[in-house]
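J.: This one is target_2.csv, CSV, C-alpha atoms.
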```
chain,number,residue,atom,x,y,z
Q,1,MET,CA,27.1,3.7,8.5
Q,2,THR,CA,23.8,3.2,10.2
Q,3,ASP,CA,21.0,2.3,7.9
Q,4,ASN,CA,17.6,2.8,9.5
Q,5,THR,CA,15.8,2.1,6.3
Q,6,GLU,CA,16.5,-1.6,6.8
Q,7,SER,CA,14.8,-3.3,9.6
Q,8,GLY,CA,17.1,-3.7,12.5
Q,9,ALA,CA,17.0,-4.0,16.3
Q,10,ASN,CA,16.0,-0.4,16.7
Q,11,ALA,CA,13.5,-0.3,13.9
Q,12,LYS,CA,9.9,0.7,14.7
Q,13,SER,CA,7.3,-2.0,14.0
Q,14,MET,CA,3.7,-2.2,13.0
Q,15,THR,CA,1.1,-4.9,12.6
Q,16,ILE,CA,-2.2,-4.8,10.7
Q,17,ILE,CA,-5.0,-7.3,11.0
Q,18,VAL,CA,-6.5,-7.5,7.5
Q,19,THR,CA,-10.1,-8.6,7.6
Q,20,LYS,CA,-11.7,-7.3,4.4
Q,21,GLY,CA,-11.4,-8.7,0.9
Q,22,SER,CA,-13.2,-6.3,-1.3
Q,23,LEU,CA,-11.3,-4.2,-3.9
Q,24,ASP,CA,-11.7,-1.0,-2.0
Q,25,TRP,CA,-10.9,-2.3,1.4
Q,26,ALA,CA,-7.8,-4.1,0.2
Q,27,TYR,CA,-6.1,-0.8,-0.3
Q,28,PRO,CA,-5.6,0.7,3.1
Q,29,PRO,CA,-3.6,-2.1,4.7
Q,30,LEU,CA,-1.4,-2.6,1.6
Q,31,ILE,CA,-0.7,1.1,1.2
Q,32,LEU,CA,0.2,1.5,4.8
Q,33,ALA,CA,2.3,-1.7,4.9
Q,34,THR,CA,4.3,-0.8,1.8
Q,35,THR,CA,4.8,2.9,2.8
Q,36,ALA,CA,5.8,1.9,6.4
Q,37,ALA,CA,8.3,-0.6,5.0
Q,38,ALA,CA,9.7,2.1,2.8
Q,39,MET,CA,10.1,4.3,5.9
Q,40,GLY,CA,12.1,1.6,7.7
Q,41,VAL,CA,9.3,0.1,9.7
Q,42,ASP,CA,9.2,-3.7,10.3
Q,43,VAL,CA,5.7,-4.7,9.1
Q,44,THR,CA,3.6,-7.7,9.8
Q,45,LEU,CA,0.2,-8.3,8.1
Q,46,PHE,CA,-2.2,-10.9,9.6
Q,47,PHE,CA,-4.8,-11.9,7.0
Q,48,THR,CA,-8.0,-13.3,8.5
Q,49,PHE,CA,-11.5,-14.0,7.3
Q,50,TYR,CA,-12.3,-12.2,4.0
Q,51,GLY,CA,-8.8,-10.6,4.1
Q,52,LEU,CA,-7.5,-14.0,2.9
Q,53,GLU,CA,-8.9,-13.1,-0.6
Q,54,ILE,CA,-6.0,-10.7,-1.0
Q,55,LEU,CA,-3.5,-13.6,-0.7
Q,56,LYS,CA,-5.1,-15.8,-3.4
Q,57,LYS,CA,-2.7,-16.7,-6.2
Q,58,LYS,CA,-5.3,-15.3,-8.7
Q,59,LEU,CA,-6.9,-12.1,-7.4
Q,60,ASP,CA,-10.5,-11.4,-8.2
Q,61,LEU,CA,-11.5,-8.7,-5.8
Q,62,GLN,CA,-14.8,-7.0,-6.3
Q,63,VAL,CA,-16.4,-3.9,-5.0
Q,64,THR,CA,-20.1,-3.5,-4.1
Q,65,ALA,CA,-22.2,-0.4,-3.5
Q,66,LEU,CA,-24.9,-2.5,-1.7
Q,67,GLY,CA,-25.2,-1.2,1.8
Q,68,ASN,CA,-22.4,1.3,1.2
Q,69,ALA,CA,-24.3,4.6,1.2
Q,70,ALA,CA,-21.1,6.7,1.1
Q,71,MET,CA,-20.0,5.2,-2.2
Q,72,LYS,CA,-20.3,7.7,-5.0
Q,73,MET,CA,-18.5,7.4,-8.3
Q,74,PRO,CA,-17.4,10.4,-10.3
Q,75,MET,CA,-19.3,10.5,-13.6
Q,76,MET,CA,-19.3,13.3,-16.1
Q,77,GLY,CA,-18.3,15.9,-13.6
Q,78,MET,CA,-20.9,14.7,-11.1
Q,79,HIS,CA,-20.9,12.1,-8.4
Q,80,MET,CA,-23.3,9.2,-8.8
Q,81,ALA,CA,-24.8,7.2,-6.0
Q,82,MET,CA,-27.4,4.5,-6.6
Q,83,PRO,CA,-30.2,3.3,-4.4
Q,84,ASN,CA,-29.8,-0.2,-2.9
Q,85,ILE,CA,-32.7,-1.5,-4.9
Q,86,VAL,CA,-30.6,-1.0,-8.0
Q,87,ASN,CA,-27.3,-2.1,-6.3
Q,88,MET,CA,-28.8,-5.5,-5.6
Q,89,LEU,CA,-29.4,-6.3,-9.2
Q,90,PRO,CA,-27.3,-8.9,-10.9
Q,91,GLY,CA,-24.4,-7.3,-12.8
Q,92,VAL,CA,-24.3,-4.1,-10.8
Q,93,ASP,CA,-21.4,-5.2,-8.7
Q,94,ALA,CA,-19.5,-6.3,-11.8
Q,95,GLY,CA,-20.2,-2.9,-13.4
Q,96,ALA,CA,-19.1,-1.0,-10.2
Q,97,THR,CA,-15.9,-3.1,-10.1
Q,98,THR,CA,-15.0,-2.4,-13.7
Q,99,MET,CA,-15.7,1.3,-13.1
Q,100,MET,CA,-13.5,1.3,-10.0
Q,101,LYS,CA,-10.7,-0.5,-11.8
Q,102,ASN,CA,-10.8,2.0,-14.7
Q,103,LEU,CA,-10.6,4.9,-12.2
Q,104,ILE,CA,-7.7,3.3,-10.4
Q,105,LYS,CA,-5.8,3.0,-13.7
Q,106,SER,CA,-6.7,6.5,-15.0
Q,107,LYS,CA,-5.6,8.1,-11.7
Q,108,GLY,CA,-2.2,6.4,-11.5
Q,109,VAL,CA,-3.2,4.4,-8.4
Q,110,ALA,CA,-1.4,1.2,-8.0
Q,111,SER,CA,-3.2,-2.1,-8.6
Q,112,ILE,CA,-3.6,-4.5,-5.6
Q,113,GLU,CA,-1.4,-6.9,-7.5
Q,114,ASP,CA,1.4,-4.3,-7.6
Q,115,LEU,CA,1.0,-3.3,-4.0
Q,116,ARG,CA,1.1,-6.9,-2.9
Q,117,GLU,CA,4.2,-7.5,-4.9
Q,118,ALA,CA,5.8,-4.3,-3.4
Q,119,ALA,CA,4.9,-5.6,0.1
Q,120,ILE,CA,6.6,-8.9,-0.5
Q,121,GLU,CA,9.6,-7.2,-2.1
Q,122,SER,CA,10.1,-4.9,0.9
Q,123,ASP,CA,10.0,-7.9,3.3
Q,124,VAL,CA,6.6,-7.2,4.8
Q,125,LYS,CA,5.9,-10.3,6.9
Q,126,ILE,CA,2.6,-12.0,5.8
Q,127,ILE,CA,0.7,-14.4,8.0
Q,128,ALA,CA,-2.4,-16.2,6.8
Q,129,CYS,CA,-4.9,-17.3,9.4
Q,130,GLN,CA,-5.0,-21.1,9.8
Q,131,MET,CA,-8.5,-21.1,11.2
Q,132,THR,CA,-9.9,-19.2,8.3
Q,133,LEU,CA,-8.3,-21.6,5.9
Q,134,ASP,CA,-10.0,-24.5,7.7
Q,135,LEU,CA,-13.3,-22.6,8.0
Q,136,PHE,CA,-13.6,-21.7,4.3
Q,137,GLU,CA,-11.9,-24.9,3.1
Q,138,TYR,CA,-8.9,-23.3,1.4
Q,139,LYS,CA,-5.5,-24.9,1.1
Q,140,ALA,CA,-2.2,-23.2,1.7
Q,141,THR,CA,-1.5,-23.9,-2.0
Q,142,ASP,CA,-4.4,-21.6,-3.0
Q,143,LEU,CA,-2.3,-18.8,-1.6
Q,144,ILE,CA,0.8,-17.0,-2.8
Q,145,ASP,CA,4.2,-18.4,-1.8
Q,146,GLY,CA,6.5,-17.0,0.8
Q,147,ILE,CA,3.9,-16.5,3.5
Q,148,GLU,CA,3.5,-18.0,6.9
Q,149,ILE,CA,0.4,-19.8,8.2
Q,150,GLY,CA,-0.4,-19.1,11.9
Q,151,GLY,CA,-3.0,-18.3,14.5
Q,152,ALA,CA,-3.9,-15.7,17.1
Q,153,ALA,CA,-0.9,-16.5,19.2
Q,154,THR,CA,1.5,-16.0,16.3
Q,155,TYR,CA,-0.1,-12.6,15.7
Q,156,MET,CA,-0.1,-11.7,19.4
Q,157,GLU,CA,3.6,-12.4,19.8
Q,158,LYS,CA,4.2,-9.8,17.1
Q,159,ALA,CA,1.6,-7.3,18.3
Q,160,LEU,CA,2.9,-7.3,21.8
Q,161,LYS,CA,6.3,-6.1,20.6
Q,162,SER,CA,5.0,-3.6,18.0
Q,163,ASP,CA,4.7,0.1,18.2
Q,164,ILE,CA,1.6,0.3,16.0
Q,165,ASN,CA,-1.2,-2.3,15.8
Q,166,LEU,CA,-4.1,-1.7,13.4
Q,167,PHE,CA,-7.3,-3.5,12.6
Q,168,ILE,CA,-8.7,-3.0,9.1
D,1,MET,CA,22.5,18.4,-10.9
D,2,ALA,CA,21.2,15.4,-9.0
D,3,ASP,CA,23.0,12.0,-9.3
D,4,LYS,CA,19.8,10.3,-10.4
D,5,THR,CA,16.3,11.4,-11.5
D,6,LEU,CA,13.0,9.5,-10.9
D,7,ASP,CA,10.1,10.5,-13.0
D,8,ALA,CA,7.0,9.7,-10.8
D,9,LYS,CA,4.7,12.0,-12.7
D,10,GLY,CA,1.1,10.6,-13.1
D,11,LEU,CA,1.6,8.2,-10.1
D,12,ASN,CA,-0.6,8.4,-7.1
D,13,CYS,CA,0.0,7.6,-3.4
D,14,PRO,CA,1.9,5.6,-2.3
D,15,LEU,CA,3.8,4.9,-5.5
D,16,PRO,CA,6.0,8.1,-5.7
D,17,ILE,CA,7.4,7.2,-2.2
D,18,LEU,CA,7.8,3.5,-2.9
D,19,ARG,CA,9.6,4.2,-6.2
D,20,ALA,CA,11.8,6.9,-4.5
D,21,LYS,CA,12.8,4.5,-1.7
D,22,LYS,CA,13.7,1.9,-4.3
D,23,THR,CA,15.7,4.3,-6.4
D,24,LEU,CA,17.4,5.8,-3.4
D,25,LYS,CA,19.2,2.5,-2.9
D,26,GLU,CA,21.0,3.1,-6.3
D,27,VAL,CA,22.3,6.5,-5.1
D,28,PRO,CA,25.6,6.4,-3.2
D,29,ALA,CA,25.6,7.8,0.3
D,30,GLY,CA,25.9,11.6,0.1
D,31,GLY,CA,24.5,11.6,-3.4
D,32,THR,CA,21.2,13.2,-4.4
D,33,LEU,CA,18.0,11.9,-6.0
D,34,GLU,CA,15.7,14.2,-7.9
D,35,VAL,CA,12.0,13.2,-7.9
D,36,LEU,CA,9.4,14.6,-10.3
D,37,ALA,CA,5.8,14.1,-9.3
D,38,THR,CA,2.3,15.4,-10.0
D,39,ASP,CA,0.6,14.1,-6.9
D,40,PRO,CA,-0.1,17.2,-4.7
D,41,GLY,CA,0.0,14.9,-1.6
D,42,SER,CA,3.6,14.1,-2.4
D,43,VAL,CA,4.7,17.5,-1.0
D,44,ALA,CA,3.7,16.6,2.6
D,45,ASP,CA,4.7,13.0,2.1
D,46,PHE,CA,8.2,13.5,0.9
D,47,ALA,CA,8.8,15.9,3.8
D,48,ALA,CA,7.5,13.2,6.2
D,49,PHE,CA,9.4,10.4,4.5
D,50,CYS,CA,12.7,12.3,4.8
D,51,ARG,CA,12.2,13.3,8.4
D,52,THR,CA,11.4,9.7,9.4
D,53,THR,CA,14.1,8.0,7.4
D,54,GLY,CA,16.9,10.6,8.1
D,55,ASN,CA,17.4,11.4,4.5
D,56,GLU,CA,17.7,15.1,3.8
D,57,LEU,CA,15.1,17.0,1.7
D,58,VAL,CA,17.4,19.5,0.0
D,59,GLU,CA,14.7,21.0,-2.2
D,60,SER,CA,10.9,21.0,-2.6
D,61,THR,CA,9.6,23.2,-5.3
D,62,SER,CA,6.8,23.2,-7.8
D,63,ASN,CA,6.4,24.5,-11.3
D,64,ALA,CA,3.4,24.2,-13.6
D,65,GLY,CA,1.8,21.3,-11.7
D,66,VAL,CA,5.0,19.4,-11.4
D,67,TYR,CA,6.6,19.0,-8.0
D,68,ARG,CA,10.3,18.6,-7.7
D,69,PHE,CA,12.1,17.1,-4.8
D,70,VAL,CA,15.8,16.7,-4.3
D,71,ILE,CA,16.7,14.2,-1.6
D,72,LYS,CA,20.2,13.7,-0.3
D,73,HIS,CA,20.9,10.0,0.5
D,74,VAL,CA,22.0,10.1,4.1
D,75,ALA,CA,20.5,7.0,5.7
```
Can the structure in the file be given as structure tokens, please?

T.:
Amino acid sequence: MTDNTESGANAKSMTIIVTKGSLDWAYPPLILATTAAAMGVDVTLFFTFYGLEILKKKLDLQVTALGNAAMKMPMMGMHMAMPNIVNMLPGVDAGATTMMKNLIKSKGVASIEDLREAAIESDVKIIACQMTLDLFEYKATDLIDGIEIGGAATYMEKALKSDINLFI
Amino acid sequence: MADKTLDAKGLNCPLPILRAKKTLKEVPAGGTLEVLATDPGSVADFAAFCRTTGNELVESTSNAGVYRFVIKHVA
């Protein structure tokens, strides 16, 4: 029996460079990675710069409306946007983060923790950028287990052989 | 009657697909999995999932806001 749901020699492959570490931007790469893996795609994620936040043992991802003019939150049947002069005030990011997390829960959207777990479970290959670790003074032990540490060449070797390469 | 039923009601993208893929492993080849979902996006997604993975989408119906898919475990 052929099983194209497991990665094999003929499986399609995808890489994503994950550069953003805010709560909202953590979603696209993890949703695509887990779904692709479920569809039999061999997936590699390369976490660099702020993307490394997603690999921290203890996640503390935040969302900010500052400079994000398109961010509108549903509220009492309307959509609320706030001017930057308000968004820059202390506590506004924390409030927006709480609001977003409540929305995520109430709409049956997976948490980042759950998606990360699903990615690992479905054998998504995770590479953390060595240079970013050095730059921001993080240790490999700050990150979750079962990941690889590598650089641009490690990513490129995968990317050159992949059907899809994305940058998020 | 499907061999197994997955209740994915209330779950949003990509959870119905992820859970279905996981549950499909427990269904013997040739057997069927019934998935119940409330995510309207799951209609297009289950069709795409089945086309890509080679599993057969035997049924795709909806009733009172609940979408029902029957997937035959082929691949």

J.: Of the candidates D:Thr32, D:Asn63, D:Thr38, D:Thr53, which shows the shortest atom-to-atom distance to chain Q, using all atoms listed in the file?

T.: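 Going through D:Thr32, D:Asn63, D:Thr38, D:Thr53 one by one, the smallest distance to chain Q is for D:Thr53.
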
J.: May I have the residues within 10 Å of Val86 in chain Q as a list in words, using only C-alpha atoms and disregarding those fewer than 6 positions away in the same chain?

T.: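 Surrounding residues, per the criterion: Ala65, Leu66 and Val92 of chain Q.
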
J.: Compile a residue-level contact table for chain Q against chain D at a cut-off of 12 Å, reporting for every qualifying residue the shortest atom pair and its distance in Å to one decimal, with all atoms listed in the file counted, rows ordered by chain and ascending number, as CSV.

T.:
```
residue,atom,partner,partner_atom,distance
Q:Met1,CA,D:Ala75,CA,7.9
Q:Thr2,CA,D:Ala75,CA,6.8
Q:Asp3,CA,D:Ala75,CA,5.2
Q:Asn4,CA,D:Ala75,CA,6.4
Q:Thr5,CA,D:Thr53,CA,6.2
Q:Glu6,CA,D:Ala75,CA,9.5
Q:Ser7,CA,D:Thr53,CA,11.5
Q:Ala11,CA,D:Thr53,CA,10.6
Q:Lys12,CA,D:Thr52,CA,10.6
Q:Tyr27,CA,D:Pro14,CA,10.4
Q:Pro28,CA,D:Pro14,CA,10.5
Q:Pro29,CA,D:Pro14,CA,11.8
Q:Leu30,CA,D:Pro14,CA,9.7
Q:Ile31,CA,D:Pro14,CA,6.3
Q:Leu32,CA,D:Pro14,CA,8.4
Q:Ala33,CA,D:Pro14,CA,10.3
Q:Thr34,CA,D:Leu18,CA,7.3
Q:Thr35,CA,D:Pro14,CA,6.5
Q:Ala36,CA,D:Phe49,CA,9.4
Q:Ala37,CA,D:Leu18,CA,8.9
Q:Ala38,CA,D:Lys21,CA,6.0
Q:Met39,CA,D:Thr53,CA,5.7
Q:Gly40,CA,D:Thr53,CA,6.7
Q:Val41,CA,D:Thr53,CA,9.5
Q:Leu103,CA,D:Asn12,CA,11.8
Q:Ile104,CA,D:Asn12,CA,9.3
Q:Lys105,CA,D:Leu11,CA,9.7
Q:Ser106,CA,D:Gly10,CA,9.0
Q:Lys107,CA,D:Asn12,CA,6.8
Q:Gly108,CA,D:Leu11,CA,4.4
Q:Val109,CA,D:Asn12,CA,4.9
Q:Ala110,CA,D:Leu15,CA,6.9
Q:Ser111,CA,D:Leu15,CA,10.4
Q:Ile112,CA,D:Leu15,CA,12.0
Q:Asp114,CA,D:Leu15,CA,9.7
Q:Leu115,CA,D:Leu15,CA,8.8
Q:Glu117,CA,D:Leu18,CA,11.7
Q:Ala118,CA,D:Leu18,CA,8.1
Q:Ala119,CA,D:Leu18,CA,10.0
Q:Glu121,CA,D:Lys22,CA,10.2
Q:Ser122,CA,D:Lys22,CA,9.3
```

J.: Enter the distance from CA of Pro83 in chain Q to CA of Leu52 in chain Q, in Å, rounded to one decimal.

T.: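 Between CA of Pro83 in chain Q and CA of Leu52 in chain Q the gap is 29.5 Å.
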
J.: Return the single residue from Q:Gly151, Q:Pro90, Q:Gly146, Q:Gly21 that is closest to Leu61 in chain Q, with distances computed using only C-alpha atoms.

T.: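 Residue with the minimum atom-to-atom distance to Leu61 in chain Q: Q:Gly21.
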
J.: Would you mind reading off the distance between CA of Gln62 in chain Q and CA of Gly41 in chain D, one decimal, in Å?

T.: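 Computing it gives 26.8 Å between the two atoms.
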
J.: Which residue, Q:Asn68, Q:Thr97, Q:Thr132, Q:Thr154, has the smallest gap to Leu23 in chain Q when you use only C-alpha atoms?

T.: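 Among the listed residues, Q:Thr97 lies closest to Leu23 in chain Q.
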
J.: Q:Leu133, Q:Asp123, Q:Ala94, Q:Leu166: which is nearest Tyr50 in chain Q, counting only C-alpha atoms?

T.: Q:Leu133

J.: Please reconstruct the missing atoms of range 16-48 of chain D (target: N, CA and C atoms) and return them as a PDB file, keeping the file's coordinate frame.

T.:
```
ATOM      1  N   PRO D  16       4.835   7.214  -5.599  1.00  0.00           N
ATOM      2  CA  PRO D  16       6.000   8.100  -5.700  1.00  0.00           C
ATOM      3  C   PRO D  16       7.031   7.760  -4.518  1.00  0.00           C
ATOM      4  N   ILE D  17       6.503   7.539  -3.317  1.00  0.00           N
ATOM      5  CA  ILE D  17       7.400   7.200  -2.200  1.00  0.00           C
ATOM      6  C   ILE D  17       8.024   5.856  -2.338  1.00  0.00           C
ATOM      7  N   LEU D  18       7.231   4.868  -2.763  1.00  0.00           N
ATOM      8  CA  LEU D  18       7.800   3.500  -2.900  1.00  0.00           C
ATOM      9  C   LEU D  18       8.888   3.494  -3.976  1.00  0.00           C
ATOM     10  N   ARG D  19       8.635   4.193  -5.098  1.00  0.00           N
ATOM     11  CA  ARG D  19       9.600   4.200  -6.200  1.00  0.00           C
ATOM     12  C   ARG D  19      10.884   4.997  -5.712  1.00  0.00           C
ATOM     13  N   ALA D  20      10.662   6.077  -4.961  1.00  0.00           N
ATOM     14  CA  ALA D  20      11.800   6.900  -4.500  1.00  0.00           C
ATOM     15  C   ALA D  20      12.669   6.073  -3.547  1.00  0.00           C
ATOM     16  N   LYS D  21      12.032   5.354  -2.654  1.00  0.00           N
ATOM     17  CA  LYS D  21      12.800   4.500  -1.700  1.00  0.00           C
ATOM     18  C   LYS D  21      13.635   3.490  -2.444  1.00  0.00           C
ATOM     19  N   LYS D  22      13.036   2.898  -3.471  1.00  0.00           N
ATOM     20  CA  LYS D  22      13.700   1.900  -4.300  1.00  0.00           C
ATOM     21  C   LYS D  22      14.913   2.506  -5.013  1.00  0.00           C
ATOM     22  N   THR D  23      14.664   3.667  -5.615  1.00  0.00           N
ATOM     23  CA  THR D  23      15.700   4.300  -6.400  1.00  0.00           C
ATOM     24  C   THR D  23      16.821   4.867  -5.555  1.00  0.00           C
ATOM     25  N   LEU D  24      16.448   5.276  -4.336  1.00  0.00           N
ATOM     26  CA  LEU D  24      17.400   5.800  -3.400  1.00  0.00           C
ATOM     27  C   LEU D  24      18.560   4.832  -3.114  1.00  0.00           C
ATOM     28  N   LYS D  25      18.210   3.554  -3.184  1.00  0.00           N
ATOM     29  CA  LYS D  25      19.200   2.500  -2.900  1.00  0.00           C
ATOM     30  C   LYS D  25      20.309   2.518  -3.987  1.00  0.00           C
ATOM     31  N   GLU D  26      19.978   3.053  -5.171  1.00  0.00           N
ATOM     32  CA  GLU D  26      21.000   3.100  -6.300  1.00  0.00           C
ATOM     33  C   GLU D  26      21.825   4.353  -6.209  1.00  0.00           C
ATOM     34  N   VAL D  27      21.492   5.246  -5.264  1.00  0.00           N
ATOM     35  CA  VAL D  27      22.300   6.500  -5.100  1.00  0.00           C
ATOM     36  C   VAL D  27      23.280   6.290  -4.012  1.00  0.00           C
ATOM     37  N   PRO D  28      24.552   6.564  -4.273  1.00  0.00           N
ATOM     38  CA  PRO D  28      25.600   6.400  -3.200  1.00  0.00           C
ATOM     39  C   PRO D  28      25.291   7.351  -2.050  1.00  0.00           C
ATOM     40  N   ALA D  29      25.743   6.962  -0.843  1.00  0.00           N
ATOM     41  CA  ALA D  29      25.600   7.800   0.300  1.00  0.00           C
ATOM     42  C   ALA D  29      26.192   9.182   0.046  1.00  0.00           C
ATOM     43  N   GLY D  30      25.463  10.235   0.378  1.00  0.00           N
ATOM     44  CA  GLY D  30      25.900  11.600   0.100  1.00  0.00           C
ATOM     45  C   GLY D  30      25.480  12.104  -1.247  1.00  0.00           C
ATOM     46  N   GLY D  31      25.024  11.205  -2.109  1.00  0.00           N
ATOM     47  CA  GLY D  31      24.500  11.600  -3.400  1.00  0.00           C
ATOM     48  C   GLY D  31      23.083  12.089  -3.339  1.00  0.00           C
ATOM     49  N   THR D  32      22.577  12.615  -4.457  1.00  0.00           N
ATOM     50  CA  THR D  32      21.200  13.200  -4.400  1.00  0.00           C
ATOM     51  C   THR D  32      20.323  12.486  -5.485  1.00  0.00           C
ATOM     52  N   LEU D  33      19.041  12.435  -5.118  1.00  0.00           N
ATOM     53  CA  LEU D  33      18.000  11.900  -6.000  1.00  0.00           C
ATOM     54  C   LEU D  33      16.992  13.001  -6.283  1.00  0.00           C
ATOM     55  N   GLU D  34      16.728  13.218  -7.561  1.00  0.00           N
ATOM     56  CA  GLU D  34      15.700  14.200  -7.900  1.00  0.00           C
ATOM     57  C   GLU D  34      14.425  13.394  -8.256  1.00  0.00           C
ATOM     58  N   VAL D  35      13.294  13.818  -7.652  1.00  0.00           N
ATOM     59  CA  VAL D  35      12.000  13.200  -7.900  1.00  0.00           C
ATOM     60  C   VAL D  35      11.067  14.173  -8.532  1.00  0.00           C
ATOM     61  N   LEU D  36      10.450  13.804  -9.648  1.00  0.00           N
ATOM     62  CA  LEU D  36       9.400  14.600 -10.300  1.00  0.00           C
ATOM     63  C   LEU D  36       8.084  13.961 -10.081  1.00  0.00           C
ATOM     64  N   ALA D  37       7.086  14.701  -9.566  1.00  0.00           N
ATOM     65  CA  ALA D  37       5.800  14.100  -9.300  1.00  0.00           C
ATOM     66  C   ALA D  37       4.665  15.090  -9.609  1.00  0.00           C
ATOM     67  N   THR D  38       3.474  14.548  -9.820  1.00  0.00           N
ATOM     68  CA  THR D  38       2.300  15.400 -10.000  1.00  0.00           C
ATOM     69  C   THR D  38       1.277  15.254  -8.923  1.00  0.00           C
ATOM     70  N   ASP D  39       1.515  14.327  -8.009  1.00  0.00           N
ATOM     71  CA  ASP D  39       0.600  14.100  -6.900  1.00  0.00           C
ATOM     72  C   ASP D  39       0.768  15.219  -5.857  1.00  0.00           C
ATOM     73  N   PRO D  40      -0.267  16.054  -5.647  1.00  0.00           N
ATOM     74  CA  PRO D  40      -0.100  17.200  -4.700  1.00  0.00           C
ATOM     75  C   PRO D  40       0.180  16.679  -3.270  1.00  0.00           C
ATOM     76  N   GLY D  41      -0.266  15.449  -2.948  1.00  0.00           N
ATOM     77  CA  GLY D  41       0.000  14.900  -1.600  1.00  0.00           C
ATOM     78  C   GLY D  41       1.463  14.574  -1.402  1.00  0.00           C
ATOM     79  N   SER D  42       2.228  14.517  -2.502  1.00  0.00           N
ATOM     80  CA  SER D  42       3.600  14.100  -2.400  1.00  0.00           C
ATOM     81  C   SER D  42       4.449  15.223  -1.651  1.00  0.00           C
ATOM     82  N   VAL D  43       3.954  16.462  -1.632  1.00  0.00           N
ATOM     83  CA  VAL D  43       4.700  17.500  -1.000  1.00  0.00           C
ATOM     84  C   VAL D  43       4.832  17.236   0.526  1.00  0.00           C
ATOM     85  N   ALA D  44       3.704  16.944   1.164  1.00  0.00           N
ATOM     86  CA  ALA D  44       3.700  16.600   2.600  1.00  0.00           C
ATOM     87  C   ALA D  44       4.403  15.243   2.801  1.00  0.00           C
ATOM     88  N   ASP D  45       4.156  14.325   1.873  1.00  0.00           N
ATOM     89  CA  ASP D  45       4.700  13.000   2.100  1.00  0.00           C
ATOM     90  C   ASP D  45       6.183  12.867   1.951  1.00  0.00           C
ATOM     91  N   PHE D  46       6.777  13.584   1.011  1.00  0.00           N
ATOM     92  CA  PHE D  46       8.200  13.500   0.900  1.00  0.00           C
ATOM     93  C   PHE D  46       8.924  14.168   2.092  1.00  0.00           C
ATOM     94  N   ALA D  47       8.292  15.234   2.627  1.00  0.00           N
ATOM     95  CA  ALA D  47       8.800  15.900   3.800  1.00  0.00           C
ATOM     96  C   ALA D  47       8.801  14.869   4.990  1.00  0.00           C
ATOM     97  N   ALA D  48       7.667  14.193   5.149  1.00  0.00           N
ATOM     98  CA  ALA D  48       7.500  13.200   6.200  1.00  0.00           C
ATOM     99  C   ALA D  48       8.450  12.022   6.038  1.00  0.00           C
TER     100      ALA D  48
END
```
